[in-house]
Amino acid sequence: MDDDIIQIVPVLDLSNLSPSQLQQKIPICCSEWGVFQIINHGVPLALQTQIRDAARHFFSLPTEVQRELLQADPFSPLSVFTGLKNEGEFRNWKRTLGFKPNPYMNTNLLPCILREPFLNFREKVGSLAHGVAKEIFAGLQLNADLLSDIHTRRQTMTVNYYPPCPERNFTYGIRPHSDFGSITLLMQDEVKGLQIRKGGNWIDMNPRKDAFIVMIGDQIEILTNGMYKSVEHRVLTNRSIPRISIACFYAPAEDDVIGPLGKFMSKRTPLMYRAVKFGDYLNHGFSKPLNGKSNLMYSAIN
Ligand code: OGA
Ligand code: NI
């Protein structure tokens, strides 16, 4: 165990790296870490700050007001889970403002305080994610245009609020898991809590307000037959300071069937996963408490 070695999740400066440097670094990040950070990514810092402030403001309102702002409309594209959700014996100590997938995202229903900045943010982060996906697939010598389109078809976003928690040793902000889709772009505030797993170690994702964290999700692990790894991660609670994060999830459409591509199979790397409709994968994941990377067993061959 290399407990004493402090490891830092790689940071890629997109304004500074040539295309060939990127194509060299991204595969290492994806196969060894399943996660990296990007800075100078083109989303203005002022917009990142505005979004964090709007989110903080929203969650500082009384919960009845939060609900009123979101309206009691069954077709609302938004849902707020104001209760602290019980997942088996542990709770996820957080509240979430969730946006349903893109075709239904009628932003007119957004509370005023969130509407303008979120529209702008959603668009900018969406094109950033598409660009990042393209780099990831280009680095694998795959059809980057086609695959980046497929793997960003379904876009969802959650705004997470982690209240201070009195019983830190028994509860997670969010239980250990990997994300079910293809890639996630996550923005955090200045409060620690997010950790990623590498081998046997949990490593702190030290907050960087100017960065997006790019996480590889299960669909990319499946597509590459395990060559790229989805990253297991969790959020710890703390006793005194609330934490905000905004997670943008990119995935295939629910009808898309994702399985390993032929080029990732060989004698040394036999087939690990079967092809599964993404909607089925997602439903299976949502039907049980989060538990590390266990949802991949749904697609695993053995
Ligand atoms: C998630 C997640 C981490 C965070 O929503 O899937 O892992 O920092 N969030 O909020
Ligand atoms: Ni996650």
# chains A, B, ... in the order shown; residues from 1 in each chain; ligands from 1

call {"tool": "closest_atom_pairs", "arguments": {"of": "chain A", "to": "ligand 2", "cutoff": "7 Å", "atoms": "only C-alpha atoms and all ligand atoms", "output": "tab-separated table"}}
result
residue	atom	partner	partner_atom_place_in_ligand_line	distance
A:His177	CA	ligand 2	1 (Ni)	6.3
A:Ser178	CA	ligand 2	1 (Ni)	5.7
A:Asp179	CA	ligand 2	1 (Ni)	4.8
A:His233	CA	ligand 2	1 (Ni)	6.4

call {"tool": "select_by_dssp", "arguments": {"residues": "range 26-269 of chain A", "states": "alpha helix (DSSP H)", "output": "ChimeraX atom specification"}}
result
/A:26-28,45-60,63-70,112-138,144-150,218-223

call {"tool": "residues_near_ligand", "arguments": {"ligand": "ligand 1", "cutoff": "10 Å", "atoms": "only C-alpha atoms and all ligand atoms", "output": "NGL selection string"}}
result
:A and (94 or 96 or 98 or 157-162 or 173-180 or 184-189 or 191-196 or 205 or 207 or 213 or 215 or 217 or 231-236 or 243-249 or 290)

call {"tool": "atom_distance", "arguments": {"atom1": "CA of Glu254 in chain A", "atom2": "CA of Gln141 in chain A"}}
result
25.4 Å

call {"tool": "residues_around", "arguments": {"residues": "Leu47 in chain A", "least_positions_apart": "2", "cutoff": "10 Å", "atoms": "only C-alpha atoms", "output": "list in words"}}
result
Val43, Pro44, Leu45, Thr49, Gln50, Ile51, Arg52, Asp53, Pro117, Phe118, Asn120, Phe121 and Lys124 of chain A

call {"tool": "write_last_selection", "arguments": {"atoms": "all heavy atoms", "output": "short mmCIF file (atom, residue, chain, number, x, y, z; two decimals), in the first residue's frame"}}
result
data_model
loop_
_atom_site.label_atom_id
_atom_site.label_comp_id
_atom_site.auth_asym_id
_atom_site.auth_seq_id
_atom_site.Cartn_x
_atom_site.Cartn_y
_atom_site.Cartn_z
N VAL A 43 -15.08 27.83 -20.21
CA VAL A 43 -16.25 28.29 -19.45
C VAL A 43 -15.73 29.37 -18.48
O VAL A 43 -14.88 29.08 -17.65
CB VAL A 43 -16.92 27.14 -18.65
CG1 VAL A 43 -18.11 27.64 -17.86
CG2 VAL A 43 -17.32 26.01 -19.59
N PRO A 44 -16.24 30.61 -18.62
CA PRO A 44 -15.66 31.69 -17.81
C PRO A 44 -15.79 31.44 -16.31
O PRO A 44 -16.82 30.93 -15.84
CB PRO A 44 -16.49 32.91 -18.22
CG PRO A 44 -17.16 32.55 -19.50
CD PRO A 44 -17.31 31.06 -19.50
N LEU A 45 -14.75 31.80 -15.59
CA LEU A 45 -14.75 31.65 -14.13
C LEU A 45 -15.94 32.42 -13.52
O LEU A 45 -16.57 31.96 -12.57
CB LEU A 45 -13.43 32.14 -13.54
CG LEU A 45 -13.29 32.01 -12.03
CD1 LEU A 45 -13.39 30.56 -11.58
CD2 LEU A 45 -11.96 32.61 -11.56
N THR A 49 -18.70 30.93 -10.96
CA THR A 49 -18.98 31.54 -9.67
C THR A 49 -20.46 31.88 -9.54
O THR A 49 -21.10 31.65 -8.51
CB THR A 49 -18.13 32.81 -9.49
OG1 THR A 49 -16.76 32.43 -9.66
CG2 THR A 49 -18.31 33.44 -8.13
N GLN A 50 -21.02 32.41 -10.63
CA GLN A 50 -22.43 32.79 -10.62
C GLN A 50 -23.34 31.58 -10.37
O GLN A 50 -24.31 31.66 -9.62
CB GLN A 50 -22.75 33.43 -11.98
CG GLN A 50 -24.06 34.16 -12.03
CD GLN A 50 -24.37 34.69 -13.43
OE1 GLN A 50 -23.75 34.28 -14.42
NE2 GLN A 50 -25.33 35.58 -13.51
N ILE A 51 -22.99 30.48 -10.99
CA ILE A 51 -23.77 29.25 -10.82
C ILE A 51 -23.69 28.75 -9.38
O ILE A 51 -24.69 28.38 -8.76
CB ILE A 51 -23.25 28.15 -11.78
CG1 ILE A 51 -23.63 28.49 -13.21
CG2 ILE A 51 -23.79 26.77 -11.41
CD1 ILE A 51 -25.10 28.45 -13.47
N ARG A 52 -22.48 28.75 -8.84
CA ARG A 52 -22.33 28.31 -7.44
C ARG A 52 -23.12 29.20 -6.51
O ARG A 52 -23.78 28.74 -5.59
CB ARG A 52 -20.85 28.31 -7.04
CG ARG A 52 -20.10 27.02 -7.36
CD ARG A 52 -18.70 27.05 -6.82
NE ARG A 52 -17.87 28.00 -7.53
CZ ARG A 52 -16.93 27.67 -8.43
NH1 ARG A 52 -16.69 26.40 -8.69
NH2 ARG A 52 -16.23 28.59 -9.04
N ASP A 53 -23.06 30.52 -6.76
CA ASP A 53 -23.79 31.47 -5.90
C ASP A 53 -25.30 31.25 -6.02
O ASP A 53 -26.02 31.27 -5.02
CB ASP A 53 -23.46 32.92 -6.28
CG ASP A 53 -22.04 33.29 -5.86
OD1 ASP A 53 -21.42 32.50 -5.10
OD2 ASP A 53 -21.54 34.35 -6.31
N PRO A 117 -28.41 32.21 -15.66
CA PRO A 117 -27.09 31.58 -15.55
C PRO A 117 -27.09 30.10 -15.90
O PRO A 117 -26.16 29.60 -16.52
CB PRO A 117 -26.69 31.79 -14.08
CG PRO A 117 -27.88 32.32 -13.38
CD PRO A 117 -28.81 32.87 -14.41
N PHE A 118 -28.17 29.39 -15.57
CA PHE A 118 -28.17 27.95 -15.84
C PHE A 118 -28.29 27.62 -17.32
O PHE A 118 -27.68 26.68 -17.81
CB PHE A 118 -29.25 27.23 -15.04
CG PHE A 118 -28.72 26.75 -13.73
CD1 PHE A 118 -28.62 27.60 -12.65
CD2 PHE A 118 -28.28 25.44 -13.58
CE1 PHE A 118 -28.09 27.17 -11.45
CE2 PHE A 118 -27.75 25.00 -12.38
CZ PHE A 118 -27.66 25.86 -11.30
N ASN A 120 -27.17 29.41 -19.76
CA ASN A 120 -25.86 29.71 -20.30
C ASN A 120 -24.85 28.62 -19.94
O ASN A 120 -24.08 28.13 -20.76
CB ASN A 120 -25.46 31.05 -19.66
CG ASN A 120 -24.35 31.74 -20.39
OD1 ASN A 120 -23.83 31.20 -21.35
ND2 ASN A 120 -23.98 32.91 -19.90
N PHE A 121 -24.91 28.21 -18.69
CA PHE A 121 -23.99 27.20 -18.16
C PHE A 121 -24.22 25.86 -18.88
O PHE A 121 -23.29 25.21 -19.34
CB PHE A 121 -24.24 27.06 -16.67
CG PHE A 121 -23.30 26.12 -15.95
CD1 PHE A 121 -22.01 26.52 -15.65
CD2 PHE A 121 -23.71 24.86 -15.55
CE1 PHE A 121 -21.14 25.68 -14.97
CE2 PHE A 121 -22.86 24.00 -14.87
CZ PHE A 121 -21.57 24.42 -14.59
N LYS A 124 -22.77 25.94 -22.39
CA LYS A 124 -21.30 25.97 -22.45
C LYS A 124 -20.69 24.65 -21.98
O LYS A 124 -19.75 24.15 -22.57
CB LYS A 124 -20.77 27.13 -21.60
CG LYS A 124 -21.10 28.49 -22.19
CD LYS A 124 -19.99 29.49 -21.89
CE LYS A 124 -20.03 30.70 -22.80
NZ LYS A 124 -21.28 31.47 -22.73
#

call {"tool": "select_by_dssp", "arguments": {"residues": "range 48-294 of chain A", "states": "strand (DSSP E or B)", "output": "PyMOL selection string"}}
result
chain A and resi 78-81+85-87+90-92+95-99+154-162+172-177+183-188+194-198+201-204+212-216+233-236+243-251+257-258+273+276-277+292

call {"tool": "closest_residue", "arguments": {"among": "A:Trp202, A:Tyr228, A:Trp93, A:Phe137", "to": "Glu167 in chain A", "atoms": "only C-alpha atoms"}}
result
A:Trp93

call {"tool": "residues_around", "arguments": {"residues": "range 271-277 of chain A", "least_positions_apart": "4", "cutoff": "8 Å", "atoms": "only C-alpha atoms", "output": "MDAnalysis selection string"}}
result
chainID A and resid 222 225:226 254:260 265:266 281 299:302

call {"tool": "closest_residue", "arguments": {"among": "A:Met227, A:Val125, A:Leu147, A:Leu282", "to": "Gly42 in chain A", "atoms": "only C-alpha atoms"}}
result
A:Val125

call {"tool": "atom_distance", "arguments": {"atom1": "CA of Pro164 in chain A", "atom2": "CA of Ala46 in chain A"}}
result
26.3 Å

call {"tool": "atom_distance", "arguments": {"atom1": "CA of His130 in chain A", "atom2": "CA of His151 in chain A"}}
result
8.4 Å

call {"tool": "closest_residue", "arguments": {"among": "A:Arg197, A:Lys293, A:Arg115, A:Lys209", "to": "Ala55 in chain A", "atoms": "only C-alpha atoms"}}
result
A:Arg115

call {"tool": "residues_around", "arguments": {"residues": "Gly139 in chain A", "least_positions_apart": "2", "cutoff": "8 Å", "atoms": "only C-alpha atoms", "output": "PyMOL selection string"}}
result
chain A and resi 23-24+26-27+135-137+141-142

call {"tool": "closest_residue", "arguments": {"among": "A:Phe286, A:Phe212, A:Tyr172, A:Phe99", "to": "Gln155 in chain A", "atoms": "only C-alpha atoms"}}
result
A:Phe99

call {"tool": "residues_around", "arguments": {"residues": "Phe36 in chain A", "least_positions_apart": "2", "cutoff": "7 Å", "atoms": "only C-alpha atoms", "output": "NGL selection string"}}
result
:A and (9-11 or 29 or 38 or 213-215)
